[in-house]
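Quick look at data31.txt (compact mmCIF, C-alpha atoms and all ligand atoms):
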# COMPACT_ATOMS: atom_id res chain seq x y z
CA MET A 1 -25.21 -1.12 14.97
CA THR A 2 -27.40 -0.07 12.07
CA VAL A 3 -29.12 3.28 11.87
CA GLU A 4 -32.46 1.51 12.45
CA GLN A 5 -31.12 -0.08 15.65
CA SER A 6 -29.64 3.20 16.89
CA GLY A 7 -32.81 5.10 16.12
CA MET A 8 -30.61 7.86 14.82
CA ASP A 9 -30.79 9.52 11.43
CA ILE A 10 -27.67 9.03 9.25
CA ARG A 11 -27.22 12.81 9.12
CA LYS A 12 -27.12 12.91 12.90
CA TRP A 13 -24.38 10.24 12.94
CA MET A 14 -22.35 12.25 10.48
CA ALA A 15 -22.91 15.48 12.41
CA GLN A 16 -21.90 13.78 15.65
CA ALA A 17 -18.71 12.38 14.06
CA ASP A 18 -17.89 15.80 12.63
CA GLY A 19 -18.33 17.28 16.11
CA VAL A 20 -16.05 14.90 17.99
CA MET A 21 -13.49 13.46 15.56
CA ALA A 22 -10.19 15.14 14.77
CA THR A 23 -10.74 17.11 11.59
CA THR A 24 -8.13 15.19 9.59
CA TYR A 25 -10.39 13.65 6.96
CA LYS A 26 -12.75 14.91 4.31
CA ARG A 27 -15.30 12.10 4.34
CA THR A 28 -17.85 11.07 1.75
CA PRO A 29 -21.36 11.29 3.28
CA VAL A 30 -22.00 7.57 3.70
CA VAL A 31 -22.00 5.31 6.77
CA PHE A 32 -20.84 1.80 5.86
CA SER A 33 -21.99 -0.95 8.15
CA ARG A 34 -21.31 -4.27 6.41
CA GLY A 35 -19.30 -5.89 3.64
CA SER A 36 -19.01 -9.19 1.81
CA GLY A 37 -16.53 -9.91 -0.98
CA CYS A 38 -16.49 -6.85 -3.27
CA ILE A 39 -19.78 -5.49 -1.92
CA LEU A 40 -20.32 -2.88 0.79
CA TRP A 41 -23.64 -1.92 2.37
CA ASP A 42 -24.47 1.38 4.02
CA THR A 43 -26.70 1.79 7.06
CA GLU A 44 -29.69 2.43 4.81
CA GLY A 45 -29.27 -0.92 3.08
CA ARG A 46 -27.88 0.45 -0.19
CA SER A 47 -25.17 -1.73 -1.75
CA TYR A 48 -22.00 -0.59 -3.49
CA LEU A 49 -19.30 -2.32 -5.54
CA ASP A 50 -16.03 -1.57 -3.79
CA PHE A 51 -13.13 -0.53 -6.06
CA VAL A 52 -11.11 0.95 -3.18
CA ALA A 53 -10.86 -2.04 -0.78
CA GLY A 54 -9.95 0.22 2.12
CA ILE A 55 -7.09 1.64 -0.01
CA ALA A 56 -5.59 -1.61 -1.32
CA VAL A 57 -6.05 -3.33 2.05
CA CYS A 58 -8.91 -5.85 1.75
CA ASN A 59 -7.34 -7.90 -1.05
CA LEU A 60 -9.45 -10.96 -0.22
CA GLY A 61 -12.60 -8.82 -0.03
CA HIS A 62 -14.73 -8.09 3.01
CA ALA A 63 -15.65 -10.69 5.63
CA HIS A 64 -13.66 -13.48 4.00
CA PRO A 65 -14.81 -16.65 5.81
CA ALA A 66 -11.30 -18.11 6.23
CA ILE A 67 -10.07 -14.89 7.89
CA SER A 68 -13.17 -14.60 10.09
CA LYS A 69 -12.63 -18.17 11.26
CA VAL A 70 -8.95 -17.65 12.11
CA LEU A 71 -9.72 -14.39 13.93
CA CYS A 72 -12.47 -16.04 15.91
CA GLU A 73 -10.32 -19.01 16.93
CA GLN A 74 -7.17 -17.01 17.66
CA SER A 75 -9.12 -14.45 19.72
CA LYS A 76 -10.26 -17.29 21.95
CA THR A 77 -6.70 -18.66 22.24
CA LEU A 78 -4.19 -15.81 22.58
CA VAL A 79 -4.43 -12.20 21.38
CA HIS A 80 -1.27 -10.61 22.77
CA VAL A 81 1.70 -11.38 24.99
CA SER A 82 4.54 -8.95 24.02
CA ASN A 83 7.70 -9.48 22.03
CA LEU A 84 9.52 -10.43 25.23
CA TYR A 85 8.34 -13.96 24.34
CA TYR A 86 8.04 -16.28 21.34
CA THR A 87 4.71 -17.06 19.68
CA ILE A 88 3.87 -19.53 16.92
CA PRO A 89 1.75 -17.42 14.50
CA GLN A 90 4.41 -14.67 14.38
CA THR A 91 7.15 -17.22 13.72
CA GLU A 92 5.14 -18.96 11.00
CA LEU A 93 4.35 -15.66 9.27
CA ALA A 94 7.99 -14.54 9.30
CA ALA A 95 9.06 -17.93 7.95
CA TRP A 96 6.48 -17.71 5.15
CA LEU A 97 7.64 -14.23 4.15
CA VAL A 98 11.31 -15.29 4.19
CA ASP A 99 10.49 -18.39 2.10
CA HIS A 100 8.64 -16.34 -0.51
CA SER A 101 10.89 -13.27 -0.82
CA PHE A 102 14.49 -12.12 -1.22
CA ALA A 103 14.69 -11.47 2.53
CA ASP A 104 16.24 -13.36 5.44
CA ARG A 105 14.67 -11.53 8.39
CA VAL A 106 11.43 -9.77 9.29
CA PHE A 107 10.53 -7.07 11.82
CA PHE A 108 6.82 -6.65 12.60
CA CYS A 109 5.09 -3.38 13.44
CA ASN A 110 1.56 -1.97 13.02
CA SER A 111 1.42 0.25 9.95
CA GLY A 112 3.12 1.27 6.76
CA ALA A 113 4.68 4.37 8.26
CA GLU A 114 6.16 2.31 11.07
CA ALA A 115 7.59 -0.20 8.59
CA ASN A 116 9.29 2.66 6.73
CA GLU A 117 10.54 4.13 10.02
CA ALA A 118 12.15 0.77 10.76
CA ALA A 119 13.71 0.73 7.28
CA ILE A 120 15.13 4.24 7.69
CA LYS A 121 16.53 3.41 11.14
CA LEU A 122 18.05 0.15 9.87
CA ALA A 123 19.73 1.83 6.89
CA ARG A 124 21.27 4.49 9.13
CA LYS A 125 22.42 2.03 11.77
CA TYR A 126 23.94 -0.30 9.18
CA PHE A 127 26.43 2.39 8.19
CA LYS A 128 27.01 3.59 11.76
CA ASP A 129 28.02 0.02 12.61
CA LYS A 130 30.29 -0.09 9.55
CA GLY A 131 32.16 2.94 10.85
CA GLU A 132 30.61 5.39 8.37
CA PRO A 133 28.63 7.61 10.75
CA ASP A 134 28.14 10.42 8.22
CA ARG A 135 26.51 8.12 5.70
CA TYR A 136 22.87 8.74 6.66
CA ARG A 137 21.20 10.51 3.72
CA ILE A 138 18.41 8.82 1.75
CA ILE A 139 17.49 9.53 -1.85
CA SER A 140 13.74 9.44 -2.34
CA MET A 141 11.51 10.17 -5.35
CA VAL A 142 9.45 13.22 -6.24
CA GLN A 143 5.70 12.40 -5.87
CA SER A 144 6.46 9.47 -3.56
CA PHE A 145 4.40 8.64 -0.49
CA HIS A 146 5.94 6.92 2.53
CA GLY A 147 3.69 7.85 5.47
CA ARG A 148 2.67 10.54 7.94
CA THR A 149 5.06 10.16 10.89
CA LEU A 150 7.70 12.87 11.11
CA GLY A 151 10.33 10.51 9.70
CA THR A 152 8.26 9.17 6.83
CA LEU A 153 6.71 12.50 5.85
CA SER A 154 10.26 13.78 5.63
CA ALA A 155 10.96 10.89 3.23
CA THR A 156 7.87 11.74 1.15
CA GLY A 157 8.36 13.70 -2.07
CA GLN A 158 5.20 15.83 -1.82
CA ASP A 159 5.25 19.27 -0.17
CA LYS A 160 1.54 19.20 0.79
CA ILE A 161 2.25 16.33 3.23
CA LYS A 162 4.93 18.40 5.01
CA GLN A 163 3.08 21.73 5.19
CA GLY A 164 2.98 23.09 8.74
CA PHE A 165 5.22 20.49 10.37
CA ALA A 166 8.69 22.04 10.13
CA PRO A 167 11.33 21.29 11.27
CA ILE A 168 11.16 17.92 9.56
CA LEU A 169 13.73 15.12 9.79
CA GLU A 170 16.97 16.03 8.09
CA GLY A 171 18.71 13.83 5.54
CA PHE A 172 16.44 13.30 2.53
CA ASP A 173 17.22 14.23 -1.06
CA PHE A 174 14.66 14.09 -3.86
CA VAL A 175 15.00 13.19 -7.52
CA PRO A 176 12.38 12.86 -10.28
CA PHE A 177 10.97 9.31 -10.56
CA ASN A 178 12.46 7.24 -13.40
CA ASP A 179 15.36 9.71 -13.90
CA ILE A 180 18.56 7.70 -13.43
CA GLN A 181 20.74 10.65 -14.40
CA ALA A 182 19.27 12.69 -11.52
CA VAL A 183 20.02 9.82 -9.11
CA ARG A 184 23.60 9.65 -10.38
CA GLU A 185 24.01 13.38 -9.81
CA LYS A 186 22.47 13.29 -6.33
CA ILE A 187 24.18 10.21 -4.88
CA SER A 188 27.16 11.02 -2.66
CA ALA A 189 29.45 9.59 0.02
CA SER A 190 26.77 10.48 2.59
CA THR A 191 23.98 8.51 0.84
CA CYS A 192 23.04 5.39 2.81
CA ALA A 193 20.00 4.29 0.82
CA ILE A 194 17.70 4.86 -2.13
CA LEU A 195 14.02 4.52 -1.27
CA LEU A 196 11.22 4.05 -3.81
CA GLU A 197 7.86 2.49 -4.58
CA PRO A 198 7.90 0.08 -7.56
CA VAL A 199 4.57 1.69 -8.49
CA GLN A 200 3.76 5.06 -6.94
CA GLY A 201 0.20 4.75 -5.65
CA GLU A 202 -0.75 8.04 -3.99
CA GLY A 203 1.58 9.79 -6.43
CA GLY A 204 -0.77 9.05 -9.35
CA VAL A 205 -0.30 5.32 -10.16
CA ARG A 206 3.07 5.57 -11.88
CA SER A 207 5.26 2.51 -12.48
CA ALA A 208 9.03 2.49 -12.22
CA ASP A 209 10.62 1.61 -15.56
CA PRO A 210 12.35 -1.81 -15.32
CA GLU A 211 15.54 -0.23 -16.73
CA PHE A 212 15.39 2.48 -14.07
CA LEU A 213 15.24 -0.20 -11.37
CA GLN A 214 18.06 -2.19 -12.99
CA ASN A 215 20.22 0.92 -13.21
CA ILE A 216 19.46 1.86 -9.60
CA ARG A 217 20.42 -1.65 -8.47
CA ARG A 218 23.70 -1.41 -10.38
CA LEU A 219 24.43 2.03 -8.90
CA CYS A 220 23.69 0.73 -5.39
CA ASP A 221 25.99 -2.27 -5.92
CA GLU A 222 28.81 -0.05 -7.21
CA THR A 223 28.57 2.37 -4.28
CA GLY A 224 27.51 -0.02 -1.48
CA THR A 225 24.26 1.92 -1.08
CA LEU A 226 21.18 0.10 0.24
CA LEU A 227 18.08 -0.21 -1.92
CA ILE A 228 14.74 0.03 -0.11
CA PHE A 229 11.46 -0.83 -1.83
CA ASP A 230 8.30 0.50 -0.23
CA GLU A 231 5.86 -2.27 -1.25
CA ILE A 232 3.24 -1.20 1.28
CA GLN A 233 0.69 -0.67 -1.51
CA THR A 234 2.18 -2.85 -4.27
CA GLY A 235 2.91 -5.97 -2.19
CA ILE A 236 0.71 -9.00 -1.37
CA GLY A 237 -0.44 -9.71 -4.91
CA ARG A 238 -1.75 -6.26 -5.83
CA THR A 239 0.23 -5.94 -9.08
CA GLY A 240 -0.31 -9.53 -10.24
CA LYS A 241 2.83 -10.86 -8.51
CA LEU A 242 3.27 -11.50 -4.79
CA PHE A 243 5.71 -8.54 -4.71
CA ALA A 244 5.98 -5.92 -7.44
CA TYR A 245 9.78 -6.25 -7.56
CA GLU A 246 9.26 -9.65 -9.21
CA HIS A 247 8.15 -7.90 -12.44
CA SER A 248 11.61 -6.42 -12.98
CA GLY A 249 13.58 -9.12 -11.16
CA VAL A 250 15.42 -6.34 -9.29
CA GLN A 251 15.70 -7.25 -5.61
CA PRO A 252 16.00 -4.66 -2.86
CA ASP A 253 18.06 -4.99 0.32
CA ILE A 254 15.12 -3.87 2.47
CA MET A 255 11.38 -4.02 1.72
CA THR A 256 8.41 -2.68 3.64
CA LEU A 257 4.90 -4.16 3.69
CA ALA A 258 1.64 -3.24 5.40
CA LYS A 259 -1.79 -2.51 3.87
CA ALA A 260 -3.05 -5.87 2.54
CA LEU A 261 -0.84 -8.13 4.65
CA ALA A 262 -3.63 -8.97 7.13
CA ASN A 263 -6.61 -7.97 4.93
CA GLY A 264 -7.59 -5.07 7.23
CA LEU A 265 -6.03 -5.82 10.59
CA PRO A 266 -3.23 -3.39 11.41
CA ILE A 267 0.18 -4.79 10.56
CA GLY A 268 3.44 -3.59 9.07
CA ALA A 269 6.58 -5.53 8.24
CA MET A 270 10.13 -4.65 7.36
CA LEU A 271 12.07 -7.37 5.55
CA ALA A 272 15.82 -7.35 4.98
CA LYS A 273 18.80 -9.39 3.82
CA GLU A 274 20.84 -10.93 6.62
CA ALA A 275 23.90 -8.68 6.30
CA VAL A 276 21.72 -5.57 6.63
CA ALA A 277 19.27 -6.94 9.21
CA ALA A 278 22.20 -7.76 11.50
CA ALA A 279 22.51 -4.04 12.32
CA PHE A 280 19.45 -4.44 14.54
CA VAL A 281 20.47 -6.03 17.86
CA PRO A 282 18.36 -6.54 21.01
CA GLY A 283 17.28 -3.07 22.09
CA SER A 284 17.80 -1.34 18.70
CA HIS A 285 14.14 -1.21 17.83
CA ALA A 286 10.83 -2.52 19.18
CA SER A 287 7.05 -2.36 19.02
CA THR A 288 4.54 -3.29 21.73
CA PHE A 289 1.85 -4.52 19.35
CA GLY A 290 4.11 -5.52 16.44
CA GLY A 291 3.20 -9.01 15.25
CA THR A 292 0.63 -10.07 17.84
CA PRO A 293 -0.66 -13.65 17.58
CA LEU A 294 -4.07 -12.34 16.47
CA VAL A 295 -2.81 -10.19 13.60
CA THR A 296 -0.09 -12.57 12.43
CA ALA A 297 -2.50 -15.53 12.42
CA ALA A 298 -4.76 -13.47 10.15
CA ALA A 299 -1.84 -12.49 7.89
CA LEU A 300 -0.67 -16.09 7.57
CA CYS A 301 -4.21 -17.05 6.59
CA VAL A 302 -4.25 -14.23 3.98
CA LEU A 303 -1.03 -15.49 2.37
CA LYS A 304 -2.11 -19.15 2.36
CA THR A 305 -5.50 -18.21 0.90
CA LEU A 306 -3.86 -16.18 -1.88
CA ASP A 307 -1.83 -19.28 -2.73
CA GLN A 308 -4.55 -21.90 -2.39
CA GLU A 309 -7.13 -20.01 -4.43
CA ASN A 310 -4.62 -18.73 -7.04
CA ILE A 311 -5.84 -15.20 -6.35
CA ILE A 312 -2.66 -13.55 -7.61
CA GLY A 313 -3.00 -15.29 -10.97
CA HIS A 314 -6.62 -14.13 -11.08
CA CYS A 315 -5.49 -10.57 -10.23
CA ALA A 316 -3.01 -10.56 -13.14
CA GLU A 317 -5.70 -11.79 -15.54
CA VAL A 318 -8.58 -9.52 -14.54
CA GLY A 319 -6.13 -6.62 -14.08
CA GLN A 320 -5.12 -6.95 -17.73
CA TYR A 321 -8.79 -7.13 -18.74
CA PHE A 322 -9.63 -4.08 -16.59
CA LYS A 323 -6.78 -2.08 -18.15
CA GLU A 324 -7.95 -2.95 -21.69
CA ARG A 325 -11.47 -1.80 -20.83
CA LEU A 326 -10.11 1.47 -19.39
CA LEU A 327 -8.11 1.95 -22.60
CA GLU A 328 -11.39 1.55 -24.53
CA LEU A 329 -12.81 4.40 -22.43
CA LYS A 330 -9.73 6.46 -23.31
CA SER A 331 -10.30 5.84 -27.01
CA ARG A 332 -13.94 6.99 -26.69
CA HIS A 333 -13.57 9.99 -24.34
CA ASP A 334 -11.24 12.96 -24.86
CA SER A 335 -11.32 13.72 -21.14
CA VAL A 336 -9.31 10.53 -20.47
CA VAL A 337 -5.65 11.35 -21.11
CA ASP A 338 -3.84 8.28 -19.75
CA VAL A 339 -4.37 4.78 -18.37
CA ARG A 340 -1.60 3.35 -16.19
CA GLY A 341 -0.72 0.68 -13.67
CA LEU A 342 -0.05 -2.98 -13.05
CA GLY A 343 -2.40 -5.78 -12.03
CA LEU A 344 -5.22 -4.31 -9.96
CA LEU A 345 -3.43 -1.07 -9.15
CA LEU A 346 -4.77 0.99 -12.04
CA GLY A 347 -5.05 4.69 -12.71
CA MET A 348 -6.98 6.70 -15.26
CA GLU A 349 -5.81 10.29 -15.62
CA LEU A 350 -8.36 12.91 -16.68
CA ASN A 351 -7.88 16.39 -18.04
CA THR A 352 -10.45 17.54 -15.45
CA ASP A 353 -10.99 17.34 -11.69
CA GLY A 354 -11.68 13.71 -10.71
CA LEU A 355 -13.78 14.38 -7.61
CA PRO A 356 -17.12 14.95 -9.39
CA LEU A 357 -16.67 11.54 -11.08
CA VAL A 358 -15.95 9.87 -7.75
CA GLN A 359 -19.16 11.41 -6.39
CA ALA A 360 -21.21 10.45 -9.45
CA CYS A 361 -19.95 6.84 -9.21
CA MET A 362 -20.86 6.78 -5.51
CA GLU A 363 -24.42 7.83 -6.36
CA LYS A 364 -24.61 4.96 -8.82
CA GLY A 365 -23.28 2.47 -6.26
CA PHE A 366 -19.57 2.28 -7.12
CA VAL A 367 -16.83 3.18 -4.64
CA ILE A 368 -13.78 4.55 -6.46
CA ASN A 369 -10.99 6.89 -5.43
CA CYS A 370 -9.02 9.79 -6.88
CA VAL A 371 -5.36 10.71 -6.36
CA GLN A 372 -3.45 13.88 -7.27
CA GLY A 373 -6.76 15.60 -8.09
CA ASN A 374 -7.18 14.21 -11.59
CA THR A 375 -6.32 10.50 -11.55
CA LEU A 376 -9.01 7.94 -10.76
CA ARG A 377 -7.43 5.04 -8.88
CA PHE A 378 -8.90 1.53 -9.08
CA ILE A 379 -7.73 -0.83 -6.33
CA PRO A 380 -10.56 -3.38 -5.83
CA PRO A 381 -10.31 -6.62 -3.85
CA LEU A 382 -8.17 -9.02 -5.91
CA ILE A 383 -11.16 -11.39 -6.12
CA VAL A 384 -13.11 -8.94 -8.31
CA GLN A 385 -14.83 -10.58 -11.29
CA LYS A 386 -14.87 -9.42 -14.92
CA ALA A 387 -18.64 -8.91 -14.73
CA GLU A 388 -18.15 -6.47 -11.83
CA ILE A 389 -15.46 -4.62 -13.78
CA ASP A 390 -17.89 -4.45 -16.75
CA ARG A 391 -20.49 -2.82 -14.51
CA LEU A 392 -18.05 -0.13 -13.40
CA ILE A 393 -16.85 0.48 -16.97
CA HIS A 394 -20.47 0.88 -18.10
CA CYS A 395 -21.08 3.37 -15.28
CA LEU A 396 -17.91 5.36 -16.09
CA ASP A 397 -18.77 5.35 -19.79
CA GLY A 398 -22.13 6.95 -19.00
CA ILE A 399 -20.68 9.58 -16.66
CA LEU A 400 -17.79 10.53 -18.96
C1 LIG B 1 -0.33 3.68 2.67
C2 LIG B 1 1.13 3.80 2.39
C3 LIG B 1 2.05 4.15 3.39
C4 LIG B 1 1.63 4.49 4.80
O1 LIG B 1 1.00 3.44 5.45
P1 LIG B 1 0.19 3.74 6.82
O2 LIG B 1 -0.25 2.36 7.25
O3 LIG B 1 -0.94 4.65 6.49
O4 LIG B 1 1.14 4.34 7.77
C5 LIG B 1 3.39 4.19 3.05
N1 LIG B 1 3.81 3.93 1.80
C6 LIG B 1 2.95 3.59 0.82
C7 LIG B 1 3.48 3.29 -0.54
C8 LIG B 1 1.58 3.54 1.08
O5 LIG B 1 0.73 3.24 0.08

Starting from the coordinates I provided, produce the structure as structure tokens.
Amino acid sequence: MTVEQSGMDIRKWMAQADGVMATTYKRTPVVFSRGSGCILWDTEGRSYLDFVAGIAVCNLGHAHPAISKVLCEQSKTLVHVSNLYYTIPQTELAAWLVDHSFADRVFFCNSGAEANEAAIKLARKYFKDKGEPDRYRIISMVQSFHGRTLGTLSATGQDKIKQGFAPILEGFDFVPFNDIQAVREKISASTCAILLEPVQGEGGVRSADPEFLQNIRRLCDETGTLLIFDEIQTGIGRTGKLFAYEHSGVQPDIMTLAKALANGLPIGAMLAKEAVAAAFVPGSHASTFGGTPLVTAAALCVLKTLDQENIIGHCAEVGQYFKERLLELKSRHDSVVDVRGLGLLLGMELNTDGLPLVQACMEKGFVINCVQGNTLRFIPPLIVQKAEIDRLIHCLDGIL
């Protein structure tokens, strides 16, 4: 419904939302009502170029016709039946993921946090089954982000996420990102897994050094510790490869996916090697909605479309171009102190508060995002064109 149709002023909509919604979000004063490709429209008909993509979710852009078609058809065929039974879209999606990754098995759930919960449970159970019941601790990184459930916020290396929720889940140790010596000092006979994001997204767009990943893999192999990659933000083409681990060639034992997997429909997935996945037996873990025919049909369509239209190759190319243009801004403006990231997961750190820039961009019709207070994060649909990037760069150049 548009504002015109509702007969209600946009301010009234916002006031009503603020009166009835849980007060968990600080929202920008805009009501979006439609999208197409990289463009969003608000209820007043203003258009915006979207460099957030629902936080690295809508990788194929908004209202992609192939996804709309699959959703339409599948919704008329079968939406949900429960995991007590087999369905074809779920099977095909799992098979596709297994064919295109290091993994042998897939568990479907509905969000990133749930995928990480499954990974944490699997890592613990793997060692319980091996007769090492005290081996349950997980080493996680400072500045990491793994979700908002009690388990995953406990795994997250940022105090602000945990504030007010004590007692949190026990069994997490934190080390500085990219510090192999700290990992060596922290790892012990009670460590079951090391958990990390190949590129920290919420943590400020920081990439893991390839040598760090190689050293972690070696340490895990020497000690029998499991390696878990949280690719919830980095997976599904975002960094210019299907999965970010492909950049370093270092394979995890468990990987979690969510965000872009179904281009905006809620889905999470936990992938694992056979020997590890075997710790889950009937009854170990479950999800009512996990992997419904509707959502998995959409996800399968996302993956096939990425392949058919060479969107990941395009992402790598325009991502490189985007980064070069951001580096030009850095060379021209003292307030830009760093440009980081891979593919179309890019960050530009400022020596000032980033929020006023986000607001100024919004006023000029560009949706961007800011993490850690001072780092602008650019995560557009992977179909973004160089001309659209040029428009944003021009806008940022003026504002800076
Ligand atoms: C978004 C995100 C999560 C949490 O996903 P939700 O679907 O919000 O639960 C976990 N890890 C990473 C790296 C993320 O980017």

*Identify which of the residues A:Cys38, A:Cys315, A:Leu213, A:Ile232 lies closest to ligand LIG 1 (chain B), counting all atoms listed in the file when measuring atom-to-atom distances.*
A:Ile232

_List as a list in words the protein and nucleic acid residues lying within 7 Å of ligand LIG 1 (chain B), with only C-alpha atoms and all ligand atoms counted._
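After applying the 7 Å limit, what remains is Ser111, Gly112, Ala113, Glu114, Phe145, His146, Gly147, Arg148, Glu197, Gln200, Gly201, Glu202, Asp230, Glu231, Ile232, Gln233, Ala258 and Lys259 of chain A.
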
_Option closest in space to A:Lys186, from A:Leu400, A:Ala166, A:Met8, A:Met141 [counting only C-alpha atoms]_ =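 For A:Lys186, the nearest of the given residues is A:Met141.
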
List the neighbours of stretch 187-189 of chain A out to 12 Å using all atoms listed in the file; skip same-chain residues closer than 3 positions along the sequence, and give me the result as an mmCIF file with C-alpha atoms, keeping the file's coordinate frame.
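That gives us part-v4.cif:
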data_model
loop_
_atom_site.group_PDB
_atom_site.id
_atom_site.type_symbol
_atom_site.label_atom_id
_atom_site.label_comp_id
_atom_site.auth_asym_id
_atom_site.auth_seq_id
_atom_site.Cartn_x
_atom_site.Cartn_y
_atom_site.Cartn_z
ATOM 1 C CA PHE A 127 26.430 2.390 8.190
ATOM 2 C CA GLU A 132 30.610 5.390 8.370
ATOM 3 C CA PRO A 133 28.630 7.610 10.750
ATOM 4 C CA ASP A 134 28.140 10.420 8.220
ATOM 5 C CA ARG A 135 26.510 8.120 5.700
ATOM 6 C CA TYR A 136 22.870 8.740 6.660
ATOM 7 C CA ARG A 137 21.200 10.510 3.720
ATOM 8 C CA ILE A 138 18.410 8.820 1.750
ATOM 9 C CA ILE A 139 17.490 9.530 -1.850
ATOM 10 C CA SER A 140 13.740 9.440 -2.340
ATOM 11 C CA PHE A 172 16.440 13.300 2.530
ATOM 12 C CA ASP A 173 17.220 14.230 -1.060
ATOM 13 C CA PHE A 174 14.660 14.090 -3.860
ATOM 14 C CA VAL A 175 15.000 13.190 -7.520
ATOM 15 C CA ILE A 180 18.560 7.700 -13.430
ATOM 16 C CA GLN A 181 20.740 10.650 -14.400
ATOM 17 C CA ALA A 182 19.270 12.690 -11.520
ATOM 18 C CA VAL A 183 20.020 9.820 -9.110
ATOM 19 C CA ARG A 184 23.600 9.650 -10.380
ATOM 20 C CA CYS A 192 23.040 5.390 2.810
ATOM 21 C CA ALA A 193 20.000 4.290 0.820
ATOM 22 C CA ILE A 194 17.700 4.860 -2.130
ATOM 23 C CA ILE A 216 19.460 1.860 -9.600
ATOM 24 C CA LEU A 219 24.430 2.030 -8.900
ATOM 25 C CA CYS A 220 23.690 0.730 -5.390
ATOM 26 C CA GLU A 222 28.810 -0.050 -7.210
ATOM 27 C CA THR A 223 28.570 2.370 -4.280
ATOM 28 C CA GLY A 224 27.510 -0.020 -1.480
ATOM 29 C CA THR A 225 24.260 1.920 -1.080
ATOM 30 C CA LEU A 226 21.180 0.100 0.240
#

Please provide as a JSON list (two decimals) with C-alpha atoms, in the frame of the given file all residues within 7 Å of stretch 32-36 of chain A, with the sequence filter that same-chain residues fewer than 6 positions apart are discarded (counting all atoms listed in the file).
[["chain", "number", "residue", "atom", "x", "y", "z"],
["A", 2, "THR", "CA", -27.40, -0.07, 12.07],
["A", 42, "ASP", "CA", -24.47, 1.38, 4.02],
["A", 43, "THR", "CA", -26.70, 1.79, 7.06],
["A", 61, "GLY", "CA", -12.60, -8.82, -0.03],
["A", 62, "HIS", "CA", -14.73, -8.09, 3.01],
["A", 63, "ALA", "CA", -15.65, -10.69, 5.63]]

*asked:* So, with all atoms listed in the file as the atoms that count, which of A:Gly343, A:Ala360, A:Gly268, A:Ala299 lies closest to A:Ala244?
replied: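 Closest to A:Ala244 of all the choices is A:Gly343.
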
*Counting all atoms listed in the file, which of A:Asn263, A:Asn369, A:Asn374, A:Asn116 gets nearest to A:Asp338?*
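That would be A:Asn374, the residue with the smallest distance to A:Asp338.
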
*If you measure from atom CA of A:Gly398 to atom CA of A:Pro381, what distance in Å do you get, rounded to one decimal?*
23.5 Å

*Shell of 8 Å around stretch 269-282 of chain A, only C-alpha atoms, local chain residues under 2 positions omitted, as number ranges by chain*: A: 102-112, 115-116, 118-119, 122-123, 125-126, 129, 253-258, 267, 284-285

*Expressed in Å to a single decimal, how great is the separation between atom CA of A:Ser75 and atom CA of A:Ala297?*
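About the pair atom CA of A:Ser75 and atom CA of A:Ala297: they are 9.9 Å apart.
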
*Just how far from atom CA of A:Leu150 is atom CA of A:Gly131, in Å to one decimal?*
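Interatomic distance here is 26.4 Å.
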
*Fewer than 2 positions away in the same chain doesn't count, so skip those; otherwise give me all residues within 9 Å of A:His314, counting only C-alpha atoms, as a ChimeraX atom specification.*
/A:240,309-312,316-319,382-385

*Hey, which of A:Ser68, A:Gln158, A:Ser82, A:Asn351 ends up closest to A:Gly290? Count all atoms listed in the file.*
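The answer is A:Ser82, which sits nearest to A:Gly290.
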
*Can you work out which one of A:Val250, A:Ala298, A:Ala56, A:Leu346 has the shortest atom-to-atom distance to A:Leu71, counting all atoms listed in the file?*
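Of A:Val250, A:Ala298, A:Ala56, A:Leu346, the one nearest A:Leu71, counting all atoms listed in the file, is A:Ala298.
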
What's around A:Gln214 at 12 Å? Count all atoms listed in the file, leave out sequence neighbours fewer than 5 positions away in its own chain, and write the answer as a compact mmCIF listing (two decimals) with C-alpha atoms, keeping the file's coordinate frame.
# COMPACT_ATOMS: atom_id res chain seq x y z
CA ASN A 178 12.46 7.24 -13.40
CA ILE A 180 18.56 7.70 -13.43
CA PRO A 198 7.90 0.08 -7.56
CA ALA A 208 9.03 2.49 -12.22
CA ASP A 209 10.62 1.61 -15.56
CA LEU A 219 24.43 2.03 -8.90
CA CYS A 220 23.69 0.73 -5.39
CA ASP A 221 25.99 -2.27 -5.92
CA LEU A 227 18.08 -0.21 -1.92
CA TYR A 245 9.78 -6.25 -7.56
CA HIS A 247 8.15 -7.90 -12.44
CA SER A 248 11.61 -6.42 -12.98
CA GLY A 249 13.58 -9.12 -11.16
CA VAL A 250 15.42 -6.34 -9.29
CA GLN A 251 15.70 -7.25 -5.61
CA PRO A 252 16.00 -4.66 -2.86

*asked:* (-6.4, 3.3, -12.4) in this file's frame - what residues fall within 7 Å of it? Use all atoms listed in the file and give the answer as a list in words.
replied: Val205, Val339, Arg340, Gly341, Leu345, Leu346, Gly347, Met348, Leu376, Arg377 and Phe378 of chain A

For a cut-off of 7 Å around (-6.5, -8.5, 12.2), file coordinates, pick out all residues using only C-alpha atoms and list them as a CSV table (one decimal) with C-alpha atoms, keeping the file's coordinate frame.
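So part08.csv came out as:
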chain,number,residue,atom,x,y,z
A,71,LEU,CA,-9.7,-14.4,13.9
A,262,ALA,CA,-3.6,-9.0,7.1
A,264,GLY,CA,-7.6,-5.1,7.2
A,265,LEU,CA,-6.0,-5.8,10.6
A,266,PRO,CA,-3.2,-3.4,11.4
A,294,LEU,CA,-4.1,-12.3,16.5
A,295,VAL,CA,-2.8,-10.2,13.6
A,298,ALA,CA,-4.8,-13.5,10.2
